[in-house]
file input_33.txt (compact mmCIF, C-alpha atoms)
# COMPACT_ATOMS: atom_id res chain seq x y z
CA MET W 812 67.26 207.06 103.82
CA ILE W 813 65.97 204.07 105.76
CA ARG W 814 62.59 205.75 106.08
CA ASP W 815 62.53 206.13 102.31
CA VAL W 816 63.20 202.43 101.80
CA GLU W 817 60.49 201.52 104.26
CA LYS W 818 58.06 203.84 102.58
CA ARG W 819 58.97 202.47 99.18
CA ASN W 820 58.49 198.88 100.38
CA LYS W 821 55.15 199.79 101.88
CA ASN W 822 54.00 201.44 98.66
CA TYR W 823 55.23 198.50 96.65
CA ASN W 824 53.39 195.99 98.84
CA ALA W 825 50.23 198.04 98.54
CA TYR W 826 50.69 198.08 94.78
CA VAL W 827 51.21 194.30 94.62
CA GLU W 828 48.12 193.82 96.75
CA GLN W 829 46.20 196.03 94.35
CA VAL W 830 47.23 194.34 91.11
CA THR W 831 47.04 190.73 92.36
CA PRO W 832 43.82 189.31 90.95
CA LYS W 833 41.35 188.77 93.73
CA ALA W 834 39.72 185.41 93.23
CA SER W 835 36.77 184.74 95.41
CA CYS W 836 37.75 182.22 98.07
CA LEU W 837 34.27 180.74 98.28
CA LYS W 838 34.02 180.22 94.54
CA ASN W 839 37.42 178.49 94.44
CA CYS W 840 36.41 176.27 97.36
CA ILE W 841 33.26 175.19 95.55
CA LYS W 842 35.31 174.40 92.45
CA ALA W 843 37.82 172.44 94.56
CA PHE W 844 34.92 170.61 96.25
CA ILE W 845 33.41 169.57 92.91
CA THR W 846 36.74 168.55 91.33
CA GLY W 847 38.04 166.65 94.36
CA GLY W 848 34.66 165.08 94.98
CA ALA W 849 34.42 163.92 91.36
CA ILE W 850 37.87 162.28 91.49
CA CYS W 851 37.01 160.51 94.76
CA LEU W 852 33.65 159.45 93.29
CA PHE W 853 35.49 157.98 90.29
CA GLY W 854 37.77 156.15 92.74
CA GLN W 855 34.77 154.77 94.62
CA ILE W 856 33.20 153.56 91.35
CA LEU W 857 36.45 151.74 90.51
CA ILE W 858 36.60 150.17 94.00
CA GLU W 859 33.02 148.89 93.64
CA LEU W 860 33.79 147.49 90.17
CA PHE W 861 36.85 145.64 91.45
CA LYS W 862 34.91 144.36 94.47
CA ASN W 863 32.18 143.08 92.15
CA ALA W 864 34.91 141.26 90.24
CA GLY W 865 35.53 139.34 93.47
CA MET W 866 38.45 141.18 95.05
CA ALA W 867 38.99 141.85 98.74
CA LYS W 868 38.75 145.47 99.92
CA ASP W 869 42.50 146.08 100.17
CA GLU W 870 43.22 144.55 96.80
CA ALA W 871 40.43 146.57 95.19
CA SER W 872 41.80 149.86 96.54
CA LEU W 873 45.33 149.02 95.32
CA TRP W 874 43.97 148.36 91.83
CA THR W 875 42.05 151.62 92.07
CA THR W 876 45.27 153.47 92.91
CA ILE W 877 46.96 152.00 89.83
CA CYS W 878 44.02 152.96 87.60
CA LEU W 879 43.87 156.51 88.97
CA VAL W 880 47.61 156.98 88.51
CA LEU W 881 47.39 155.66 84.94
CA ALA W 882 44.43 157.92 84.13
CA SER W 883 46.25 160.91 85.60
CA ASN W 884 49.34 160.12 83.50
CA ILE W 885 47.32 159.97 80.29
CA LEU W 886 45.58 163.25 81.11
CA THR W 887 48.92 164.84 81.97
CA GLY W 888 50.50 163.63 78.73
CA LEU W 889 47.60 164.98 76.67
CA ASN W 890 47.94 168.30 78.53
CA ILE W 891 44.41 168.03 79.95
CA TYR W 892 45.39 167.75 83.62
CA PRO W 893 46.76 171.32 83.79
CA LEU W 894 43.34 172.53 82.66
CA ILE W 895 41.71 170.61 85.52
CA THR W 896 44.25 172.13 87.92
CA THR W 897 43.54 175.64 86.67
CA TRP W 898 39.83 175.18 87.26
CA GLY W 899 39.80 172.90 90.29
CA GLY W 900 42.76 174.20 92.32
CA ALA W 901 43.28 172.01 95.38
CA GLY W 902 40.63 169.63 94.07
CA SER W 903 43.09 168.30 91.51
CA LEU W 904 46.10 168.54 93.82
CA VAL W 905 44.95 166.67 96.91
CA PRO W 906 43.91 163.32 95.38
CA ILE W 907 46.53 160.72 94.38
CA THR W 908 46.04 161.87 90.76
CA GLY W 909 47.71 165.16 91.72
CA PHE W 910 50.72 163.25 93.02
CA ALA W 911 50.87 161.20 89.80
CA ASN W 912 50.64 164.42 87.78
CA SER W 913 53.51 165.96 89.76
CA VAL W 914 55.64 162.91 88.89
CA ALA W 915 54.72 162.64 85.20
CA ALA W 916 54.70 166.35 84.29
CA PRO W 917 58.38 167.12 85.05
CA ALA W 918 59.46 163.76 83.54
CA ILE W 919 57.81 164.72 80.25
CA GLU W 920 58.87 168.35 80.45
CA TYR W 921 62.59 167.72 81.10
CA LYS W 922 63.26 164.72 78.88
CA ALA W 923 65.32 166.92 76.55
CA GLU W 924 67.90 167.27 79.37
CA GLY W 925 68.71 163.58 79.27
CA GLU W 926 67.83 160.31 80.91
CA VAL W 927 69.67 160.75 84.20
CA PHE W 928 69.81 164.47 84.93
CA GLY W 929 66.66 165.29 83.00
CA ILE W 930 64.04 162.63 83.64
CA GLY W 931 65.80 160.84 86.50
CA CYS W 932 66.28 163.90 88.69
CA LYS W 933 63.24 165.93 87.77
CA ILE W 934 60.80 163.04 88.22
CA PHE W 935 61.49 163.37 91.96
CA THR W 936 61.01 167.15 92.14
CA ILE W 937 57.79 166.77 94.11
CA ALA W 938 57.72 163.01 94.67
CA GLY W 939 61.09 163.19 96.48
CA PRO W 940 59.99 165.50 99.30
CA VAL W 941 56.66 163.69 99.60
CA ILE W 942 58.34 160.28 99.92
CA LEU W 943 61.08 161.59 102.25
CA TYR W 944 58.78 163.30 104.72
CA GLY W 945 56.12 160.60 104.44
CA ILE W 946 58.65 157.86 105.24
CA PHE W 947 60.32 159.92 107.96
CA SER W 948 57.12 160.93 109.75
CA SER W 949 55.82 157.37 109.63
CA TRP W 950 59.20 156.19 110.99
CA ILE W 951 58.84 158.59 113.93
CA ALA W 952 55.25 157.47 114.52
CA GLY W 953 56.37 153.84 114.34
CA LEU W 954 59.21 154.48 116.80
CA LEU W 955 56.79 156.02 119.30
CA TYR W 956 54.44 153.07 118.78
CA LEU W 957 57.30 150.60 119.36
CA LEU W 958 58.38 152.42 122.55
CA ALA W 959 54.80 152.51 123.79
CA LYS W 960 54.50 148.79 123.14
CA LEU W 961 57.74 147.98 125.01
CA TRP W 962 56.76 150.19 127.91
CA MET W 963 53.22 148.87 128.33
CA MET C 1314 25.03 155.93 99.23
CA VAL C 1315 28.74 155.04 99.33
CA PHE C 1316 29.15 157.17 96.22
CA VAL C 1317 27.55 160.23 97.83
CA LYS C 1318 29.74 159.80 100.93
CA ALA C 1319 32.90 159.48 98.80
CA PHE C 1320 31.99 162.59 96.81
CA VAL C 1321 31.13 164.75 99.83
CA ILE C 1322 34.02 163.77 102.11
CA GLY C 1323 36.59 163.85 99.29
CA GLY C 1324 35.22 167.21 98.19
CA LEU C 1325 35.29 168.61 101.73
CA ILE C 1326 38.95 167.63 102.19
CA CYS C 1327 39.84 169.39 98.92
CA ALA C 1328 37.80 172.48 99.82
CA ALA C 1329 39.56 172.67 103.21
CA VAL C 1330 42.96 172.48 101.50
CA GLN C 1331 41.82 175.15 99.03
CA ILE C 1332 41.09 177.48 101.98
CA LEU C 1333 44.53 176.69 103.41
CA MET C 1334 46.15 177.51 100.05
CA GLU C 1335 44.26 180.80 99.70
CA LYS C 1336 45.19 181.90 103.21
CA THR C 1337 48.83 180.84 103.28
CA LYS C 1338 49.82 180.88 99.58
CA LEU C 1339 51.77 177.62 100.10
CA MET C 1340 53.20 175.97 96.98
CA PRO C 1341 51.65 172.68 95.77
CA GLY C 1342 54.74 170.65 96.77
CA ARG C 1343 54.56 171.90 100.35
CA ILE C 1344 50.82 171.20 100.44
CA MET C 1345 51.43 167.59 99.38
CA VAL C 1346 54.16 167.06 101.99
CA LEU C 1347 51.89 168.60 104.62
CA LEU C 1348 48.99 166.33 103.63
CA VAL C 1349 51.02 163.12 103.75
CA CYS C 1350 52.53 164.01 107.15
CA SER C 1351 49.10 164.99 108.48
CA GLY C 1352 47.78 161.66 107.22
CA VAL C 1353 50.48 159.83 109.19
CA VAL C 1354 49.63 161.78 112.36
CA LEU C 1355 45.86 161.37 111.93
CA GLY C 1356 46.38 157.66 111.32
CA ALA C 1357 48.67 157.25 114.33
CA VAL C 1358 46.24 158.90 116.75
CA GLY C 1359 43.46 156.71 115.34
CA LEU C 1360 41.34 159.48 113.80
CA TYR C 1361 41.68 158.50 110.15
CA GLU C 1362 40.40 154.93 110.24
CA PRO C 1363 36.82 155.94 111.20
CA ILE C 1364 36.76 158.50 108.34
CA LEU C 1365 38.04 155.84 105.96
CA GLU C 1366 35.40 153.39 107.20
CA PHE C 1367 32.72 156.02 106.58
CA ALA C 1368 33.84 157.60 103.32
CA GLY C 1369 35.71 154.86 101.42
CA ALA C 1370 37.47 156.38 98.42
CA GLY C 1371 36.57 159.86 99.73
CA ALA C 1372 39.26 159.30 102.36
CA SER C 1373 41.61 156.87 100.61
CA VAL C 1374 42.09 158.79 97.34
CA PRO C 1375 43.30 162.11 98.88
CA LEU C 1376 46.97 162.19 99.93
CA LEU C 1377 45.89 162.12 103.58
CA GLY C 1378 44.95 158.50 102.88
CA PHE C 1379 48.46 157.91 101.54
CA GLY C 1380 49.85 159.06 104.91
CA ASN C 1381 47.41 156.82 106.73
CA VAL C 1382 48.52 153.84 104.60
CA LEU C 1383 52.16 154.60 105.54
CA TRP C 1384 51.23 154.52 109.22
CA LYS C 1385 49.28 151.28 108.85
CA GLY C 1386 52.23 149.68 107.06
CA ILE C 1387 54.66 150.75 109.78
CA LYS C 1388 52.34 149.55 112.55
CA GLN C 1389 51.88 146.14 110.93
CA ALA C 1390 55.61 145.77 110.30
CA VAL C 1391 56.47 146.74 113.90
CA ASP C 1392 53.94 144.21 115.17
CA GLU C 1393 55.52 141.52 113.01
CA SER C 1394 59.25 142.22 113.22
CA GLY C 1395 59.76 144.81 115.97
CA PHE C 1396 62.56 147.32 115.50
CA LEU C 1397 63.40 146.08 112.01
CA GLY C 1398 59.81 146.75 111.02
CA LEU C 1399 60.46 150.49 111.37
CA PHE C 1400 62.62 150.21 108.27
CA LYS C 1401 60.32 147.91 106.34
CA GLY C 1402 56.76 149.06 106.75
CA GLY C 1403 56.80 152.47 105.10
CA PHE C 1404 58.07 151.47 101.69
CA THR C 1405 56.03 148.27 101.67
CA ALA C 1406 52.88 150.27 102.33
CA CYS C 1407 53.44 152.93 99.70
CA ALA C 1408 54.97 150.53 97.15
CA VAL C 1409 51.98 150.38 94.80
CA GLY C 1410 51.30 154.12 94.76
CA VAL C 1411 54.90 155.21 94.36
CA SER C 1412 55.90 152.47 91.92
CA SER C 1413 52.92 153.05 89.66
CA ALA C 1414 53.49 156.82 89.68
CA LEU C 1415 57.19 156.40 88.83
CA ILE C 1416 56.79 153.63 86.24
CA PHE C 1417 53.85 155.21 84.41
CA GLY C 1418 55.51 158.63 84.71
CA TYR C 1419 58.67 157.30 83.08
CA ILE C 1420 56.75 155.55 80.29
CA SER C 1421 54.76 158.77 79.76
CA SER C 1422 58.02 160.63 79.22
CA TRP C 1423 58.75 158.31 76.28
CA ILE C 1424 55.32 158.64 74.73
CA PHE C 1425 54.34 162.27 75.20
CA LYS C 1426 56.02 165.41 73.95
CA PRO C 1427 56.76 168.35 76.26
CA HIS C 1428 54.20 171.16 76.19
CA MET C 1429 55.04 174.78 76.47
CA LYS C 1430 53.53 176.11 79.67
CA LYS C 1431 50.59 178.33 78.91
CA LYS C 1432 50.47 181.31 81.22
call {"tool": "encode", "arguments": {"input": "input_33.txt", "output": "structure tokens"}}
result
Amino acid sequence: MIRDVEKRNKNYNAYVEQVTPKASCLKNCIKAFITGGAICLFGQILIELFKNAGMAKDEASLWTTICLVLASNILTGLNIYPLITTWGGAGSLVPITGFANSVAAPAIEYKAEGEVFGIGCKIFTIAGPVILYGIFSSWIAGLLYLLAKLWM
Amino acid sequence: MVFVKAFVIGGLICAAVQILMEKTKLMPGRIMVLLVCSGVVLGAVGLYEPILEFAGAGASVPLLGFGNVLWKGIKQAVDESGFLGLFKGGFTACAVGVSSALIFGYISSWIFKPHMKKK
């Protein structure tokens, strides 16, 4: 009986392996490279524009963040960002625009479920974990830094 | 030249993450958490600042840069206010990114209609 189950699982896994579409890893990487590169290039163009307008480096990159997030929101709302994600894979996920998309998309998608439990909860579906673990890991790093400073 | 650097380094980071996704089949949410935490670690050991210096937006736009910003905020806050800084720096550093994402995301939910997911 157990042998049968094992055999069945093995066959099933082989079947899944067979029917899963095999996308070429190299091709996807090139697509991710182009997409991610293009978004970063756009960011760099914005930084240079803000610098030319007389801003300091830090200020310019904060303004760039706001512009990228806004652009990502508009593309998400017009349903264009999912197309970029389909083509660009990680290239659309890794930049800050991917984070903005992961905030805006569920907020738009779940608004029918209400202000609090629809938008309010779902807006943090991805942002929540990112903020939690980002804050926590930086807290740990800061604690180690503080201890190192006291000890030195 | 800065534009070429931003394109190449930003692209390389995304391509590396694409390889990671193909090999491990991790979900996008986990990838983002992983990137931010890696950014904090890379920042804390002092590896990220040189990349940022070299690549500009190529290093600041990916979520790794977000992690690095968190670390820089914590470090500055600890330098200024010691133990209390541990509880100040993180949110101060990520304030612009997170606030803009949340505020614009919420406004978007007023303006745009839900789309059926095309599969």
call {"tool": "closest_atom_pairs", "arguments": {"input": "input_33.txt", "of": "range 873-962 of chain W", "to": "range 1341-1354 of chain C", "cutoff": "8 Å", "atoms": "only C-alpha atoms", "output": "JSON lines"}}
result
{"residue": "W:Leu904", "atom": "CA", "partner": "C:Pro1341", "partner_atom": "CA", "distance": 7.2}
{"residue": "W:Val905", "atom": "CA", "partner": "C:Met1345", "partner_atom": "CA", "distance": 7.0}
{"residue": "W:Phe910", "atom": "CA", "partner": "C:Met1345", "partner_atom": "CA", "distance": 7.7}
{"residue": "W:Ile937", "atom": "CA", "partner": "C:Gly1342", "partner_atom": "CA", "distance": 5.6}
{"residue": "W:Pro940", "atom": "CA", "partner": "C:Val1346", "partner_atom": "CA", "distance": 6.6}
{"residue": "W:Val941", "atom": "CA", "partner": "C:Val1346", "partner_atom": "CA", "distance": 4.8}
{"residue": "W:Tyr944", "atom": "CA", "partner": "C:Val1346", "partner_atom": "CA", "distance": 6.6}
{"residue": "W:Gly945", "atom": "CA", "partner": "C:Cys1350", "partner_atom": "CA", "distance": 5.6}
{"residue": "W:Ser948", "atom": "CA", "partner": "C:Cys1350", "partner_atom": "CA", "distance": 6.1}
{"residue": "W:Ser949", "atom": "CA", "partner": "C:Val1353", "partner_atom": "CA", "distance": 5.9}
{"residue": "W:Ala952", "atom": "CA", "partner": "C:Val1354", "partner_atom": "CA", "distance": 7.4}
call {"tool": "atom_distance", "arguments": {"input": "input_33.txt", "atom1": "CA of Ser913 in chain W", "atom2": "CA of Glu1362 in chain C"}}
result
26.7 Å
call {"tool": "closest_residue", "arguments": {"input": "input_33.txt", "among": "W:Ser835, W:Gln855, W:Thr936, W:Ser903", "to": "chain C", "atoms": "only C-alpha atoms"}}
result
W:Gln855
call {"tool": "atom_distance", "arguments": {"input": "input_33.txt", "atom1": "CA of Gly1323 in chain C", "atom2": "CA of Ser1373 in chain C"}}
result
8.7 Å
call {"tool": "closest_atom_pairs", "arguments": {"input": "input_33.txt", "of": "chain W", "to": "chain C", "cutoff": "7 Å", "atoms": "all atoms listed in the file", "output": "JSON lines"}}
result
{"residue": "W:Cys836", "atom": "CA", "partner": "C:Glu1335", "partner_atom": "CA", "distance": 6.9}
{"residue": "W:Cys840", "atom": "CA", "partner": "C:Ala1328", "partner_atom": "CA", "distance": 4.7}
{"residue": "W:Ile841", "atom": "CA", "partner": "C:Ala1328", "partner_atom": "CA", "distance": 6.8}
{"residue": "W:Ala843", "atom": "CA", "partner": "C:Ala1328", "partner_atom": "CA", "distance": 5.3}
{"residue": "W:Phe844", "atom": "CA", "partner": "C:Gly1324", "partner_atom": "CA", "distance": 3.9}
{"residue": "W:Ile845", "atom": "CA", "partner": "C:Gly1324", "partner_atom": "CA", "distance": 6.1}
{"residue": "W:Gly847", "atom": "CA", "partner": "C:Gly1324", "partner_atom": "CA", "distance": 4.8}
{"residue": "W:Gly848", "atom": "CA", "partner": "C:Gly1324", "partner_atom": "CA", "distance": 3.9}
{"residue": "W:Ala849", "atom": "CA", "partner": "C:Phe1320", "partner_atom": "CA", "distance": 6.1}
{"residue": "W:Cys851", "atom": "CA", "partner": "C:Gly1371", "partner_atom": "CA", "distance": 5.0}
{"residue": "W:Leu852", "atom": "CA", "partner": "C:Phe1320", "partner_atom": "CA", "distance": 5.0}
{"residue": "W:Gly854", "atom": "CA", "partner": "C:Ala1370", "partner_atom": "CA", "distance": 5.7}
{"residue": "W:Gln855", "atom": "CA", "partner": "C:Ala1370", "partner_atom": "CA", "distance": 4.9}
{"residue": "W:Leu873", "atom": "CA", "partner": "C:Val1409", "partner_atom": "CA", "distance": 6.8}
{"residue": "W:Thr876", "atom": "CA", "partner": "C:Gly1410", "partner_atom": "CA", "distance": 6.3}
{"residue": "W:Ile877", "atom": "CA", "partner": "C:Ser1413", "partner_atom": "CA", "distance": 6.1}
{"residue": "W:Val880", "atom": "CA", "partner": "C:Ala1414", "partner_atom": "CA", "distance": 6.0}
{"residue": "W:Leu881", "atom": "CA", "partner": "C:Phe1417", "partner_atom": "CA", "distance": 6.5}
{"residue": "W:Asn884", "atom": "CA", "partner": "C:Gly1418", "partner_atom": "CA", "distance": 6.5}
{"residue": "W:Gly888", "atom": "CA", "partner": "C:Phe1425", "partner_atom": "CA", "distance": 5.4}
{"residue": "W:Gly900", "atom": "CA", "partner": "C:Gln1331", "partner_atom": "CA", "distance": 6.8}
{"residue": "W:Ala901", "atom": "CA", "partner": "C:Gln1331", "partner_atom": "CA", "distance": 5.0}
{"residue": "W:Gly902", "atom": "CA", "partner": "C:Cys1327", "partner_atom": "CA", "distance": 4.9}
{"residue": "W:Val905", "atom": "CA", "partner": "C:Pro1375", "partner_atom": "CA", "distance": 5.2}
{"residue": "W:Pro906", "atom": "CA", "partner": "C:Pro1375", "partner_atom": "CA", "distance": 3.8}
{"residue": "W:Ile907", "atom": "CA", "partner": "C:Val1374", "partner_atom": "CA", "distance": 5.7}
{"residue": "W:Ala911", "atom": "CA", "partner": "C:Ala1414", "partner_atom": "CA", "distance": 5.1}
{"residue": "W:Val914", "atom": "CA", "partner": "C:Gly1418", "partner_atom": "CA", "distance": 6.0}
{"residue": "W:Ala915", "atom": "CA", "partner": "C:Gly1418", "partner_atom": "CA", "distance": 4.1}
{"residue": "W:Ala918", "atom": "CA", "partner": "C:Ser1422", "partner_atom": "CA", "distance": 5.5}
{"residue": "W:Ile919", "atom": "CA", "partner": "C:Ser1422", "partner_atom": "CA", "distance": 4.2}
{"residue": "W:Glu920", "atom": "CA", "partner": "C:Pro1427", "partner_atom": "CA", "distance": 4.7}
{"residue": "W:Lys922", "atom": "CA", "partner": "C:Ser1422", "partner_atom": "CA", "distance": 6.7}
{"residue": "W:Ile937", "atom": "CA", "partner": "C:Gly1342", "partner_atom": "CA", "distance": 5.6}
{"residue": "W:Pro940", "atom": "CA", "partner": "C:Val1346", "partner_atom": "CA", "distance": 6.6}
{"residue": "W:Val941", "atom": "CA", "partner": "C:Val1346", "partner_atom": "CA", "distance": 4.8}
{"residue": "W:Tyr944", "atom": "CA", "partner": "C:Val1346", "partner_atom": "CA", "distance": 6.6}
{"residue": "W:Gly945", "atom": "CA", "partner": "C:Cys1350", "partner_atom": "CA", "distance": 5.6}
{"residue": "W:Ile946", "atom": "CA", "partner": "C:Gly1403", "partner_atom": "CA", "distance": 5.7}
{"residue": "W:Ser948", "atom": "CA", "partner": "C:Cys1350", "partner_atom": "CA", "distance": 6.1}
{"residue": "W:Ser949", "atom": "CA", "partner": "C:Trp1384", "partner_atom": "CA", "distance": 5.4}
{"residue": "W:Trp950", "atom": "CA", "partner": "C:Leu1399", "partner_atom": "CA", "distance": 5.8}
{"residue": "W:Ala952", "atom": "CA", "partner": "C:Ala1357", "partner_atom": "CA", "distance": 6.6}
{"residue": "W:Gly953", "atom": "CA", "partner": "C:Ile1387", "partner_atom": "CA", "distance": 5.8}
{"residue": "W:Leu954", "atom": "CA", "partner": "C:Leu1399", "partner_atom": "CA", "distance": 6.9}
{"residue": "W:Leu957", "atom": "CA", "partner": "C:Val1391", "partner_atom": "CA", "distance": 6.7}
call {"tool": "axis_aligned_box", "arguments": {"input": "input_33.txt", "around": "range 1333-1341 of chain C", "padding_each_side": "3 Å", "output": "AutoDock Vina command-line options"}}
result
--center_x 48.7 --center_y 177.3 --center_z 99.6 --size_x 14.9 --size_y 15.2 --size_z 13.6
call {"tool": "closest_residue", "arguments": {"input": "input_33.txt", "among": "W:Phe947, W:Tyr956, W:Trp898, W:Tyr921", "to": "Lys842 in chain W", "atoms": "all atoms listed in the file"}}
result
W:Trp898
call {"tool": "atom_distance", "arguments": {"input": "input_33.txt", "atom1": "CA of Glu859 in chain W", "atom2": "CA of Ala871 in chain W"}}
result
7.9 Å
call {"tool": "decode", "arguments": {"input": "input_33.txt", "residues": "range 1349-1387 of chain C", "atoms": "C-alpha atoms", "output": "JSON list (two decimals), in the first residue's frame"}}
result
[["chain", "number", "residue", "atom", "x", "y", "z"],
["C", 1349, "VAL", "CA", 15.31, 44.23, 1.95],
["C", 1350, "CYS", "CA", 16.96, 42.09, 4.66],
["C", 1351, "SER", "CA", 19.96, 41.45, 2.39],
["C", 1352, "GLY", "CA", 20.19, 45.18, 1.79],
["C", 1353, "VAL", "CA", 20.34, 45.79, 5.56],
["C", 1354, "VAL", "CA", 23.10, 43.19, 5.96],
["C", 1355, "LEU", "CA", 25.09, 44.42, 2.95],
["C", 1356, "GLY", "CA", 24.77, 47.97, 4.25],
["C", 1357, "ALA", "CA", 25.81, 47.02, 7.78],
["C", 1358, "VAL", "CA", 28.97, 45.23, 6.66],
["C", 1359, "GLY", "CA", 29.82, 48.22, 4.47],
["C", 1360, "LEU", "CA", 29.53, 46.50, 1.08],
["C", 1361, "TYR", "CA", 26.58, 48.44, -0.30],
["C", 1362, "GLU", "CA", 27.87, 52.00, -0.05],
["C", 1363, "PRO", "CA", 30.66, 51.46, -2.64],
["C", 1364, "ILE", "CA", 28.12, 49.92, -5.08],
["C", 1365, "LEU", "CA", 25.81, 52.88, -4.50],
["C", 1366, "GLU", "CA", 28.69, 55.30, -5.06],
["C", 1367, "PHE", "CA", 29.48, 53.55, -8.34],
["C", 1368, "ALA", "CA", 26.04, 52.82, -9.75],
["C", 1369, "GLY", "CA", 23.76, 55.59, -8.42],
["C", 1370, "ALA", "CA", 20.14, 54.73, -9.18],
["C", 1371, "GLY", "CA", 21.28, 51.26, -10.32],
["C", 1372, "ALA", "CA", 21.80, 50.49, -6.64],
["C", 1373, "SER", "CA", 19.31, 52.83, -4.96],
["C", 1374, "VAL", "CA", 16.20, 51.91, -6.99],
["C", 1375, "PRO", "CA", 16.27, 48.11, -6.32],
["C", 1376, "LEU", "CA", 14.87, 47.02, -2.94],
["C", 1377, "LEU", "CA", 18.40, 46.21, -1.78],
["C", 1378, "GLY", "CA", 18.88, 49.98, -1.68],
["C", 1379, "PHE", "CA", 15.78, 50.25, 0.50],
["C", 1380, "GLY", "CA", 17.45, 47.91, 3.02],
["C", 1381, "ASN", "CA", 20.64, 49.93, 2.85],
["C", 1382, "VAL", "CA", 18.67, 53.13, 3.55],
["C", 1383, "LEU", "CA", 17.12, 51.44, 6.62],
["C", 1384, "TRP", "CA", 20.59, 50.60, 7.92],
["C", 1385, "LYS", "CA", 21.89, 54.12, 7.28],
["C", 1386, "GLY", "CA", 18.90, 55.58, 9.12],
["C", 1387, "ILE", "CA", 19.44, 53.30, 12.12]]
